[in-house]
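S.K.: Data: protein_25.txt, compact mmCIF, C-alpha atoms and all ligand atoms.
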```txt
# COMPACT_ATOMS: atom_id res chain seq x y z
CA MET J 636 -49.42 19.81 23.24
CA THR J 637 -46.50 17.99 21.73
CA SER J 638 -45.37 18.92 18.26
CA VAL J 639 -45.95 16.77 15.21
CA ARG J 640 -42.26 17.03 14.42
CA THR J 641 -40.49 13.74 15.00
CA GLY J 642 -37.62 13.74 12.51
CA ASN J 643 -37.34 14.32 8.81
CA SER J 644 -39.68 11.65 7.63
CA LEU J 645 -43.32 11.41 8.50
CA ALA J 646 -43.19 7.69 7.69
CA SER J 647 -46.29 7.91 5.48
CA PHE J 648 -47.53 4.56 4.22
CA ALA J 649 -49.12 6.16 1.15
CA ARG J 650 -48.31 3.93 -1.83
CA GLU J 651 -50.07 5.24 -4.93
CA ILE J 652 -53.07 7.12 -6.29
CA VAL J 653 -55.98 5.24 -7.88
CA CYS J 654 -58.99 6.47 -9.89
CA ALA J 655 -62.32 5.94 -8.10
CA ARG J 656 -63.99 4.88 -11.35
CA CYS J 657 -61.56 3.28 -13.82
CA GLN J 658 -58.89 2.16 -11.30
CA ARG J 659 -56.08 3.73 -13.33
CA ARG J 660 -52.98 4.17 -11.15
CA PHE J 661 -50.68 7.17 -10.63
CA GLU J 662 -47.43 7.91 -8.81
CA LEU J 663 -47.43 9.94 -5.60
CA SER J 664 -44.80 12.24 -7.07
CA GLU J 665 -47.25 13.56 -9.71
CA LEU J 666 -49.25 16.74 -9.18
CA LEU J 667 -52.75 15.53 -10.00
CA ASN J 668 -56.28 16.76 -10.52
CA LEU J 669 -58.97 14.47 -11.98
CA CYS J 670 -58.29 11.20 -13.80
CA ALA J 671 -58.39 11.33 -17.60
CA CYS J 672 -61.83 9.63 -17.30
CA GLY J 673 -63.11 12.65 -15.34
CA SER J 674 -63.34 10.96 -11.93
CA PRO J 675 -61.79 11.72 -8.54
CA LEU J 676 -58.48 10.17 -7.51
CA MET J 677 -57.91 8.45 -4.16
CA VAL J 678 -54.74 7.73 -2.19
CA ARG J 679 -54.02 4.06 -1.42
CA TYR J 680 -51.85 3.01 1.51
CA ASP J 681 -49.69 0.02 2.21
CA ILE J 682 -51.85 -1.05 5.15
CA ASP J 683 -50.05 -4.40 5.54
CA ARG J 684 -46.83 -2.57 6.31
CA ALA J 685 -48.62 -0.06 8.56
CA LYS J 686 -50.11 -2.97 10.50
CA ASN J 687 -46.69 -4.22 11.55
CA THR J 688 -45.33 -0.91 12.80
CA LEU J 689 -48.33 1.10 13.96
CA ALA J 690 -50.27 0.19 17.11
CA LYS J 691 -53.33 2.16 18.15
CA SER J 692 -51.85 2.46 21.65
CA THR J 693 -49.06 4.69 20.24
CA LEU J 694 -51.63 7.36 19.38
CA SER J 695 -52.27 8.33 22.99
CA ASP J 696 -49.20 10.55 23.35
CA ARG J 697 -49.41 12.15 19.93
CA VAL J 698 -50.24 15.69 18.87
CA ALA J 699 -53.91 16.70 19.32
CA SER J 700 -54.44 17.41 15.63
CA LEU J 701 -55.27 15.27 12.61
CA TRP J 702 -51.53 14.81 12.10
CA ARG J 703 -51.62 12.24 14.91
CA TYR J 704 -52.53 9.83 12.06
CA ARG J 705 -49.54 10.89 9.95
CA GLU J 706 -48.70 7.35 8.74
CA LEU J 707 -52.15 7.22 7.13
CA LEU J 708 -51.81 10.63 5.50
CA PRO J 709 -49.99 11.36 2.22
CA LEU J 710 -47.37 13.91 3.32
CA GLN J 711 -43.83 12.66 2.70
CA SER J 712 -41.66 15.18 4.51
CA GLU J 713 -42.37 17.20 7.64
CA ALA J 714 -40.57 20.15 6.07
CA ASN J 715 -43.70 20.63 3.98
CA LEU J 716 -46.21 20.41 6.81
CA VAL J 717 -48.64 23.33 6.92
CA SER J 718 -50.59 23.07 10.15
CA LEU J 719 -52.58 25.41 12.37
CA GLY J 720 -53.68 22.71 14.82
CA GLU J 721 -56.62 21.35 12.77
CA GLY J 722 -58.65 18.30 13.71
CA TYR J 723 -58.94 16.20 16.86
CA THR J 724 -62.05 18.20 17.70
CA PRO J 725 -64.19 17.12 20.65
CA LEU J 726 -66.97 14.56 20.36
CA LEU J 727 -69.44 16.15 22.77
CA GLU J 728 -72.26 14.24 24.36
CA ALA J 729 -75.58 16.05 23.78
CA LYS J 730 -77.58 14.92 26.81
CA LYS J 731 -80.21 17.64 26.89
CA LEU J 732 -80.76 17.78 23.15
CA GLY J 733 -80.87 13.96 23.09
CA ALA J 734 -83.45 13.88 25.89
CA GLU J 735 -85.55 16.51 24.14
CA LEU J 736 -85.48 14.45 20.93
CA GLY J 737 -86.06 11.22 22.84
CA ILE J 738 -82.80 9.52 21.88
CA GLY J 739 -80.48 7.88 24.36
CA ARG J 740 -77.02 8.39 22.86
CA LEU J 741 -76.36 11.49 20.78
CA TRP J 742 -72.93 12.91 20.01
CA ILE J 743 -71.90 16.18 18.37
CA LYS J 744 -68.60 16.23 16.49
CA ASP J 745 -67.85 19.91 16.98
CA GLU J 746 -65.90 21.04 13.96
CA ALA J 747 -66.42 24.70 14.88
CA GLN J 748 -63.30 24.26 17.03
CA ASN J 749 -60.99 24.10 14.02
CA PRO J 750 -58.49 26.96 13.38
CA THR J 751 -60.65 28.93 10.93
CA GLY J 752 -63.91 27.75 12.47
CA SER J 753 -64.87 24.95 10.11
CA PHE J 754 -64.05 21.37 9.13
CA LYS J 755 -62.65 22.67 5.83
CA ASP J 756 -59.34 23.13 7.68
CA ARG J 757 -58.80 19.39 7.69
CA GLY J 758 -58.85 19.04 3.94
CA LEU J 759 -56.93 22.22 3.31
CA SER J 760 -54.12 21.49 5.77
CA VAL J 761 -53.43 18.22 3.96
CA ALA J 762 -54.02 19.58 0.43
CA ILE J 763 -51.87 22.68 0.92
CA SER J 764 -49.11 20.66 2.59
CA ARG J 765 -49.03 18.32 -0.40
CA ALA J 766 -49.29 21.21 -2.88
CA LYS J 767 -46.24 22.75 -1.22
CA GLU J 768 -44.46 19.40 -1.29
CA LEU J 769 -45.12 19.09 -5.04
CA GLY J 770 -43.90 22.62 -5.83
CA VAL J 771 -47.14 24.57 -6.27
CA THR J 772 -46.67 28.35 -6.03
CA LYS J 773 -50.12 29.63 -7.13
CA ALA J 774 -53.47 28.00 -6.45
CA ALA J 775 -57.17 28.72 -6.90
CA ILE J 776 -60.32 27.50 -5.20
CA PRO J 777 -64.05 27.76 -5.91
CA SER J 778 -65.89 27.97 -2.61
CA ALA J 779 -69.38 28.11 -1.16
CA GLY J 780 -67.78 29.98 1.76
CA ASN J 781 -65.80 28.23 4.47
CA ALA J 782 -63.34 26.46 2.18
CA GLY J 783 -62.29 29.79 0.69
CA GLY J 784 -61.39 31.25 4.09
CA SER J 785 -59.60 28.09 5.15
CA PHE J 786 -57.66 27.80 1.88
CA ALA J 787 -56.57 31.44 2.19
CA ALA J 788 -55.21 30.79 5.71
CA TYR J 789 -53.20 27.69 4.82
CA ALA J 790 -51.95 29.18 1.55
CA ALA J 791 -50.72 32.24 3.49
CA ARG J 792 -48.85 30.01 5.93
CA ALA J 793 -47.39 27.98 3.05
CA GLY J 794 -46.37 31.03 1.02
CA ILE J 795 -48.62 30.03 -1.87
CA GLU J 796 -50.40 32.75 -3.88
CA ALA J 797 -54.12 32.22 -3.26
CA HIS J 798 -57.05 32.99 -5.59
CA VAL J 799 -60.52 32.54 -4.12
CA PHE J 800 -63.77 32.55 -6.12
CA MET J 801 -67.03 32.80 -4.17
CA PRO J 802 -70.66 33.65 -4.90
CA ARG J 803 -71.35 37.34 -4.23
CA ASP J 804 -73.88 36.48 -1.51
CA THR J 805 -71.52 34.25 0.49
CA PRO J 806 -71.61 35.07 4.25
CA ILE J 807 -69.59 38.22 4.87
CA ALA J 808 -67.28 36.49 7.39
CA ASN J 809 -65.96 34.21 4.65
CA GLN J 810 -65.30 37.15 2.33
CA ILE J 811 -63.54 39.19 4.99
CA GLU J 812 -61.39 36.35 6.32
CA ALA J 813 -60.20 35.35 2.84
CA ALA J 814 -59.09 38.93 2.17
CA GLN J 815 -57.43 39.30 5.60
CA TYR J 816 -55.37 36.17 4.91
CA GLY J 817 -54.11 37.91 1.79
CA ALA J 818 -56.00 35.97 -0.88
CA ARG J 819 -57.14 37.62 -4.13
CA LEU J 820 -60.90 37.38 -3.75
CA THR J 821 -63.26 37.38 -6.73
CA LEU J 822 -67.01 37.53 -6.12
CA ILE J 823 -69.18 35.91 -8.78
CA ASP J 824 -72.84 36.43 -9.70
CA GLY J 825 -73.50 32.71 -9.61
CA LEU J 826 -72.89 29.60 -7.53
CA ILE J 827 -69.89 27.43 -6.60
CA ASN J 828 -70.12 25.46 -9.86
CA ASP J 829 -69.89 28.75 -11.81
CA CYS J 830 -66.79 29.64 -9.75
CA GLY J 831 -65.34 26.22 -10.59
CA ARG J 832 -65.95 26.75 -14.29
CA ILE J 833 -64.16 30.12 -14.28
CA ILE J 834 -61.13 28.59 -12.56
CA ALA J 835 -61.09 25.70 -15.05
CA GLU J 836 -61.10 28.20 -17.93
CA ARG J 837 -58.33 30.40 -16.52
CA LYS J 838 -56.03 28.06 -14.62
CA THR J 839 -53.69 27.08 -17.45
CA ALA J 840 -53.01 30.65 -18.54
CA GLU J 841 -52.63 31.83 -14.92
CA GLY J 842 -50.54 28.89 -13.73
CA TRP J 843 -52.97 28.07 -10.91
CA PHE J 844 -53.23 24.66 -9.29
CA ASP J 845 -56.95 23.83 -8.94
CA VAL J 846 -57.82 22.95 -5.32
CA SER J 847 -61.55 22.23 -5.98
CA THR J 848 -62.79 19.54 -3.66
CA LEU J 849 -62.36 16.01 -5.03
CA LYS J 850 -60.66 17.46 -8.12
CA GLU J 851 -57.36 16.88 -6.33
CA PRO J 852 -56.65 13.80 -4.21
CA TYR J 853 -55.75 15.29 -0.82
CA ARG J 854 -58.64 17.29 0.65
CA VAL J 855 -60.55 14.04 1.08
CA GLU J 856 -57.53 12.59 2.92
CA GLY J 857 -57.74 15.40 5.47
CA LYS J 858 -61.48 15.00 5.84
CA LYS J 859 -61.27 11.24 6.35
CA THR J 860 -59.65 11.91 9.73
CA MET J 861 -63.16 12.74 11.04
CA GLY J 862 -63.79 9.01 10.64
CA TYR J 863 -60.57 8.04 12.47
CA GLU J 864 -61.41 10.43 15.28
CA ILE J 865 -64.97 9.18 15.79
CA ALA J 866 -63.61 5.62 16.06
CA GLU J 867 -60.79 6.63 18.41
CA GLN J 868 -63.02 8.83 20.59
CA LEU J 869 -65.64 6.08 20.96
CA GLY J 870 -62.95 3.57 21.99
CA TRP J 871 -62.49 1.94 18.56
CA ARG J 872 -66.08 1.29 17.72
CA LEU J 873 -68.49 3.15 15.47
CA PRO J 874 -71.99 4.55 16.11
CA ASP J 875 -75.17 3.15 14.54
CA LEU J 876 -75.73 6.27 12.49
CA ILE J 877 -73.80 9.26 11.17
CA ILE J 878 -75.74 12.28 9.91
CA TYR J 879 -73.66 14.53 7.67
CA PRO J 880 -74.57 17.79 5.90
CA THR J 881 -73.67 17.05 2.30
CA GLY J 882 -72.52 19.50 -0.35
CA GLY J 883 -69.62 18.06 -2.32
CA GLY J 884 -69.70 15.00 -0.05
CA THR J 885 -65.98 15.05 0.71
CA GLY J 886 -66.42 14.33 4.42
CA LEU J 887 -68.83 11.47 3.84
CA ILE J 888 -66.59 9.87 1.24
CA GLY J 889 -63.55 10.43 3.45
CA MET J 890 -65.10 8.82 6.51
CA TRP J 891 -66.21 5.78 4.54
CA LYS J 892 -62.64 5.41 3.26
CA ALA J 893 -61.31 5.82 6.81
CA PHE J 894 -63.52 3.00 8.12
CA ALA J 895 -62.23 0.65 5.40
CA GLU J 896 -58.63 1.55 6.27
CA LEU J 897 -59.27 1.03 10.01
CA GLU J 898 -60.82 -2.38 9.35
CA GLU J 899 -57.86 -3.37 7.17
CA LEU J 900 -55.57 -2.32 10.03
CA GLY J 901 -57.58 -4.55 12.35
CA TRP J 902 -58.50 -1.61 14.60
CA ILE J 903 -62.27 -1.94 14.07
CA GLY J 904 -64.53 -4.74 12.82
CA SER J 905 -66.73 -4.95 9.76
CA ALA J 906 -69.77 -3.19 11.27
CA ARG J 907 -70.50 0.20 9.71
CA PRO J 908 -72.79 3.06 10.64
CA ARG J 909 -75.73 3.86 8.39
CA MET J 910 -74.65 7.04 6.62
CA VAL J 911 -77.24 9.79 6.21
CA SER J 912 -76.81 12.77 3.88
CA VAL J 913 -78.68 15.94 4.77
CA GLN J 914 -79.28 18.66 2.21
CA ALA J 915 -81.31 21.87 2.10
CA ALA J 916 -84.77 21.68 0.52
CA GLY J 917 -83.67 24.48 -1.83
CA CYS J 918 -80.67 22.46 -3.11
CA ALA J 919 -81.03 18.71 -2.77
CA PRO J 920 -79.56 16.96 -5.82
CA ILE J 921 -78.33 13.94 -3.84
CA VAL J 922 -81.65 13.47 -2.04
CA LYS J 923 -83.50 13.58 -5.36
CA ALA J 924 -81.17 11.07 -7.01
CA PHE J 925 -81.30 8.81 -3.94
CA GLU J 926 -85.10 8.81 -3.90
CA GLN J 927 -85.26 8.11 -7.63
CA GLY J 928 -82.80 5.23 -7.33
CA LYS J 929 -80.33 6.91 -9.72
CA ARG J 930 -76.60 6.25 -9.78
CA ALA J 931 -75.68 9.89 -10.38
CA ALA J 932 -77.33 13.22 -9.61
CA GLU J 933 -78.55 15.94 -11.96
CA LEU J 934 -77.54 19.60 -11.73
CA TRP J 935 -79.99 21.32 -9.31
CA GLN J 936 -81.57 24.41 -10.85
CA ASN J 937 -81.93 27.71 -8.95
CA ALA J 938 -80.22 26.48 -5.79
CA ASN J 939 -81.28 28.56 -2.83
CA THR J 940 -80.57 28.20 0.92
CA PHE J 941 -78.96 30.29 3.68
CA ALA J 942 -76.87 27.20 4.52
CA SER J 943 -74.17 28.35 2.11
CA GLY J 944 -72.15 25.13 2.49
CA LEU J 945 -75.11 23.19 1.13
CA ARG J 946 -75.55 25.42 -1.90
CA VAL J 947 -73.74 22.95 -4.13
CA PRO J 948 -75.90 22.18 -7.21
CA GLN J 949 -73.59 19.45 -8.51
CA ALA J 950 -70.99 17.20 -6.90
CA VAL J 951 -68.24 15.62 -9.02
CA ALA J 952 -68.30 12.49 -6.82
CA ASP J 953 -72.12 12.19 -6.68
CA PHE J 954 -71.90 8.54 -7.78
CA VAL J 955 -69.59 7.73 -4.84
CA ILE J 956 -71.88 9.48 -2.31
CA LEU J 957 -74.95 7.61 -3.60
CA GLN J 958 -73.11 4.29 -3.51
CA ILE J 959 -72.09 4.85 0.14
CA LEU J 960 -75.61 5.83 1.24
CA ARG J 961 -76.99 2.62 -0.30
CA GLU J 962 -74.17 0.29 0.76
CA SER J 963 -74.43 1.49 4.36
CA GLY J 964 -78.21 1.12 4.52
CA GLY J 965 -78.48 4.86 5.08
CA THR J 966 -80.64 7.50 3.50
CA ALA J 967 -80.80 11.09 2.25
CA VAL J 968 -83.03 13.76 3.75
CA SER J 969 -83.76 17.38 2.87
CA VAL J 970 -84.83 20.01 5.41
CA SER J 971 -86.11 23.57 5.07
CA ASP J 972 -84.20 26.72 6.00
CA GLU J 973 -86.95 27.46 8.58
CA ALA J 974 -86.29 24.11 10.25
CA MET J 975 -82.53 24.81 10.36
CA LEU J 976 -83.09 28.26 11.82
CA ALA J 977 -85.36 26.89 14.55
CA GLU J 978 -82.81 24.20 15.45
CA ILE J 979 -79.93 26.69 15.76
CA SER J 980 -81.56 28.41 18.74
CA ARG J 981 -82.85 25.15 20.25
CA ILE J 982 -79.35 23.65 20.23
CA GLY J 983 -77.86 26.90 21.52
CA LYS J 984 -80.19 26.85 24.50
CA ALA J 985 -79.89 23.12 25.18
CA GLU J 986 -76.15 22.61 24.71
CA GLY J 987 -74.39 25.99 24.64
CA ILE J 988 -73.10 25.41 21.13
CA PHE J 989 -73.76 27.96 18.38
CA PHE J 990 -74.44 25.70 15.40
CA CYS J 991 -74.01 26.66 11.77
CA PRO J 992 -77.08 26.15 9.53
CA GLU J 993 -75.51 23.03 7.97
CA GLY J 994 -75.01 21.45 11.41
CA ALA J 995 -78.53 22.43 12.43
CA ALA J 996 -79.75 20.62 9.31
CA CYS J 997 -78.46 17.38 10.90
CA VAL J 998 -80.66 17.97 13.94
CA ALA J 999 -83.70 18.74 11.79
CA ALA J 1000 -83.05 15.52 9.86
CA LEU J 1001 -82.63 13.55 13.09
CA ARG J 1002 -85.92 14.91 14.41
CA ARG J 1003 -87.65 13.85 11.19
CA LEU J 1004 -86.11 10.36 11.13
CA LEU J 1005 -87.13 9.78 14.76
CA THR J 1006 -90.76 10.60 13.93
CA ASN J 1007 -91.02 8.59 10.74
CA GLY J 1008 -89.29 5.52 12.13
CA GLY J 1009 -86.02 5.90 10.19
CA ILE J 1010 -84.11 5.87 13.50
CA LYS J 1011 -84.75 3.88 16.68
CA ARG J 1012 -84.60 5.68 20.02
CA THR J 1013 -81.90 3.25 21.13
CA ASP J 1014 -79.63 4.03 18.16
CA GLU J 1015 -76.34 5.76 18.89
CA VAL J 1016 -76.07 8.77 16.61
CA VAL J 1017 -73.24 11.15 15.66
CA ILE J 1018 -74.11 14.48 14.06
CA PHE J 1019 -71.72 17.13 12.77
CA ASN J 1020 -71.53 20.79 13.56
CA THR J 1021 -69.36 21.50 10.54
CA ALA J 1022 -68.68 25.19 11.30
CA SER J 1023 -69.28 27.90 13.86
CA GLY J 1024 -72.55 29.81 13.79
CA LEU J 1025 -70.39 32.92 14.22
CA LYS J 1026 -69.53 32.70 10.53
CA TYR J 1027 -73.19 33.21 9.60
CA LEU J 1028 -74.24 36.27 11.63
CA ASP J 1029 -75.40 38.25 8.60
CA VAL J 1030 -77.37 35.43 6.96
CA ILE J 1031 -78.93 34.35 10.27
CA GLN J 1032 -79.99 37.92 11.03
CA LYS J 1033 -81.44 38.32 7.54
CA SER J 1034 -83.36 35.03 7.85
CA HIS J 1035 -85.04 36.23 11.05
CA HIS J 1036 -86.71 39.09 9.16
C1 LIG O 1101 -70.31 24.38 7.11
C2 LIG O 1101 -70.37 23.39 5.99
N1 LIG O 1101 -71.01 22.25 6.18
C3 LIG O 1101 -71.09 21.30 5.20
C4 LIG O 1101 -70.51 21.50 3.96
C5 LIG O 1101 -70.59 20.41 2.92
O1 LIG O 1101 -69.42 19.64 3.01
P1 LIG O 1101 -68.97 18.55 1.93
O2 LIG O 1101 -68.50 19.32 0.74
O3 LIG O 1101 -67.91 17.74 2.58
O4 LIG O 1101 -70.18 17.72 1.60
C6 LIG O 1101 -69.81 22.69 3.72
C7 LIG O 1101 -69.17 22.92 2.40
O5 LIG O 1101 -69.00 24.00 1.91
C8 LIG O 1101 -69.73 23.65 4.76
O6 LIG O 1101 -69.07 24.81 4.60
ZN ZN O 1102 -60.34 7.11 -14.20
```
With the file now loaded, output its structure as C-alpha cells.

M.R.:
Amino acid sequence: MTSVRTGNSLASFAREIVCARCQRRFELSELLNLCACGSPLMVRYDIDRAKNTLAKSTLSDRVASLWRYRELLPLQSEANLVSLGEGYTPLLEAKKLGAELGIGRLWIKDEAQNPTGSFKDRGLSVAISRAKELGVTKAAIPSAGNAGGSFAAYAARAGIEAHVFMPRDTPIANQIEAAQYGARLTLIDGLINDCGRIIAERKTAEGWFDVSTLKEPYRVEGKKTMGYEIAEQLGWRLPDLIIYPTGGGTGLIGMWKAFAELEELGWIGSARPRMVSVQAAGCAPIVKAFEQGKRAAELWQNANTFASGLRVPQAVADFVILQILRESGGTAVSVSDEAMLAEISRIGKAEGIFFCPEGAACVAALRRLLTNGGIKRTDEVVIFNTASGLKYLDVIQKSHH
C-alpha cells in the first residue's frame, strides 16, 4: 500500500484539548495526563476548517491504516509518526454465525488483524507518536495484557524506554511479547488498578510518562478510528447496534466521539447505533452501575475472569461510558466465562476466526439480547473481535480443564 508520508506536515486539524468534565482548555503543545479535576482530557478539532478541505472521496487512495484519517488525528509532524500498519481492519460479514443466531445482518470488526494482534495498537500508535512528538523518553503503562505488548512494540520503534506493569496471571503471550520488544516487565500480585497505582507512585521519581488509558489524551484518539472505519466500510452509514467488550471503555468512548465528528463534517447524519457494553460476570462494574441507574461505577471487588482485557475493576471514565450507553438507548450485559468459552469454538467452526474471550463475550451477549427481546432479528449489528485467540492459548487450555 501507499505510504502515509505526504510531506512534512500531516495537516492535522486538532485545535486544543478540553476536559471531559469541567471543560477546562489546554494547549496541544503541553504534555498532559488528567485534568486538575481528575477527569480525562479530549482532543477537539477545527471541524469547520476540515470540512472545506477534506472530502470523503479523497480517502479512497490513502494508506490502509488508521493514518488515512490523519487530519482528524492529533499528530503534528510526520517525522514523529510511529506506525506498524495499525487499523483499517476488515469488517467481515458473519453469514453462518448470523444464521445460527437468527439475525439477518451481522458484522465482525476483526481487530485481531492489527500488528500485535489486538485493537490496542490503534491507541498506542497515536499515543506513542504524540509522546515522541512532545519529547518523552521514558514511559510506563499498567496493562491487563494486550496494551502492555502493544505499548512495548511502539515504544521500541519510537526509541522510548518502556516499563510495563501487568498482573502476574496475565496470559503468557502478553508477558513474552512485552519482554521480546525490550520492555522492562514487572509482574504484580494484583490487578490493573494496582499496577496503575504503583506507576502513579513511582513516575515522578523515575521520570516516566504515564500512558494509562484515558489518563493521557491520545489513546482514545487512536481507538476512535474504529468508529470512522465502521462508517466508511458500511458506505457512510452506521449499524443499528454496536456490541463492545468494555474494560476501560476507551473504544466505546472513542467511537462515540468519532460519530459526533463525522456528523459535524457532514459525512453521516444524526442517527446513532445503540451502544452495548459487555463485561464478564466476574468483573462487571459498568453493568452493575447501569442497572442501578448510577452515574458512576464502584470498584469491583475480587475481579475474576479469563477474559483478561475485561478484568478492569474500575474505569476512570466510567461516567462517560454510562452516559453514552444511556444517550444511545443501549444497554450493558454481563456474560459468564463458560459462555465465552463455548462461543469461541462455535465462532471458530462457523466463521474460521479464532476469537479472543472478550470478542466471544460480544456473541454471548448478542445471543442473550436476541432471546430476551433486546435486539430485533432485523437489526444490523456490529460486534468486535478485539484480539486474536492466539494470545490466550494458556488461559483457554486451562479453562477447558
Ligand atoms: C482483547 C481486549 N478486549 C477488550 C478490552 C477492553 O477495552 P477497553 O479498555 O477499550 O474497554 C481489552 C483491554 O484490555 C482487551 O485487551
Ligand atoms: Zn477538568

S.K.: Do you have, as a Markdown table, the list of residues of stretch 895-976 of chain J lying at most 12 Å from stretch 834-853 of chain J, each with its nearest atom pair and that distance in Å to one decimal, counting all atoms listed in the file and ordered by chain then number?

M.R.:
```
| residue | atom | partner | partner_atom | distance |
| --- | --- | --- | --- | --- |
| J:Val947 | CA | J:Thr848 | CA | 11.5 |
| J:Gln949 | CA | J:Thr848 | CA | 11.8 |
| J:Ala950 | CA | J:Leu849 | CA | 8.9 |
| J:Val951 | CA | J:Leu849 | CA | 7.1 |
| J:Ala952 | CA | J:Leu849 | CA | 7.1 |
| J:Asp953 | CA | J:Leu849 | CA | 10.6 |
| J:Val955 | CA | J:Leu849 | CA | 11.0 |
| J:Ile956 | CA | J:Leu849 | CA | 11.9 |
```

S.K.: At what distance in Å, to one decimal, does atom CA of J:Leu826 lie from atom CA of J:Ala1022?

M.R.: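 Interatomic distance, atom CA of J:Ala1022 to atom CA of J:Leu826: 19.8 Å.
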
S.K.: Counting all atoms listed in the file, name the residues that have an atom within 7 Å of an atom of ligand LIG 1101 (chain O); the answer should be given as a ChimeraX atom specification.

M.R.: /J:753,755,778-782,880-887,943-945,991,993-994,1021-1022

S.K.: Please check which protein, DNA or RNA residues sit within 7 Å of ligand ZN 1102 (chain O), counting all atoms listed in the file, and write them as an MDAnalysis selection string.

M.R.: chainID J and resid 654:659 670:674

S.K.: Can you tell me how far atom CA of J:Lys767 sits from atom CA of J:Asn715, in Å to one decimal?

M.R.: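 Between atom CA of J:Lys767 and atom CA of J:Asn715 the gap works out to 6.2 Å.
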
S.K.: Taking (-58.7, 14.8, 0.5) in the file's coordinates as the center, which residues reach within 10 Å of it, counting all atoms listed in the file, put as JSON, numbers by chain?

M.R.: {"J": [676, 677, 678, 708, 709, 757, 758, 759, 760, 761, 762, 848, 849, 850, 851, 852, 853, 854, 855, 856, 857, 858, 859, 860, 885, 886, 888, 889]}

S.K.: Using only C-alpha atoms, tabulate the residues of stretch 833-935 of chain J lying at most 6 Å from any atom of stretch 962-973 of chain J, each with its closest atom pair and that distance in Å to one decimal, by chain and increasing residue number, as CSV.

M.R.:
```
residue,atom,partner,partner_atom,distance
J:Arg909,CA,J:Gly965,CA,4.4
J:Met910,CA,J:Gly965,CA,4.7
J:Val911,CA,J:Thr966,CA,4.9
J:Ser912,CA,J:Ala967,CA,4.6
J:Val913,CA,J:Val968,CA,5.0
J:Gln914,CA,J:Ser969,CA,4.7
J:Ala915,CA,J:Ser969,CA,5.2
J:Ala916,CA,J:Ser969,CA,5.0
J:Val922,CA,J:Ala967,CA,5.0
```
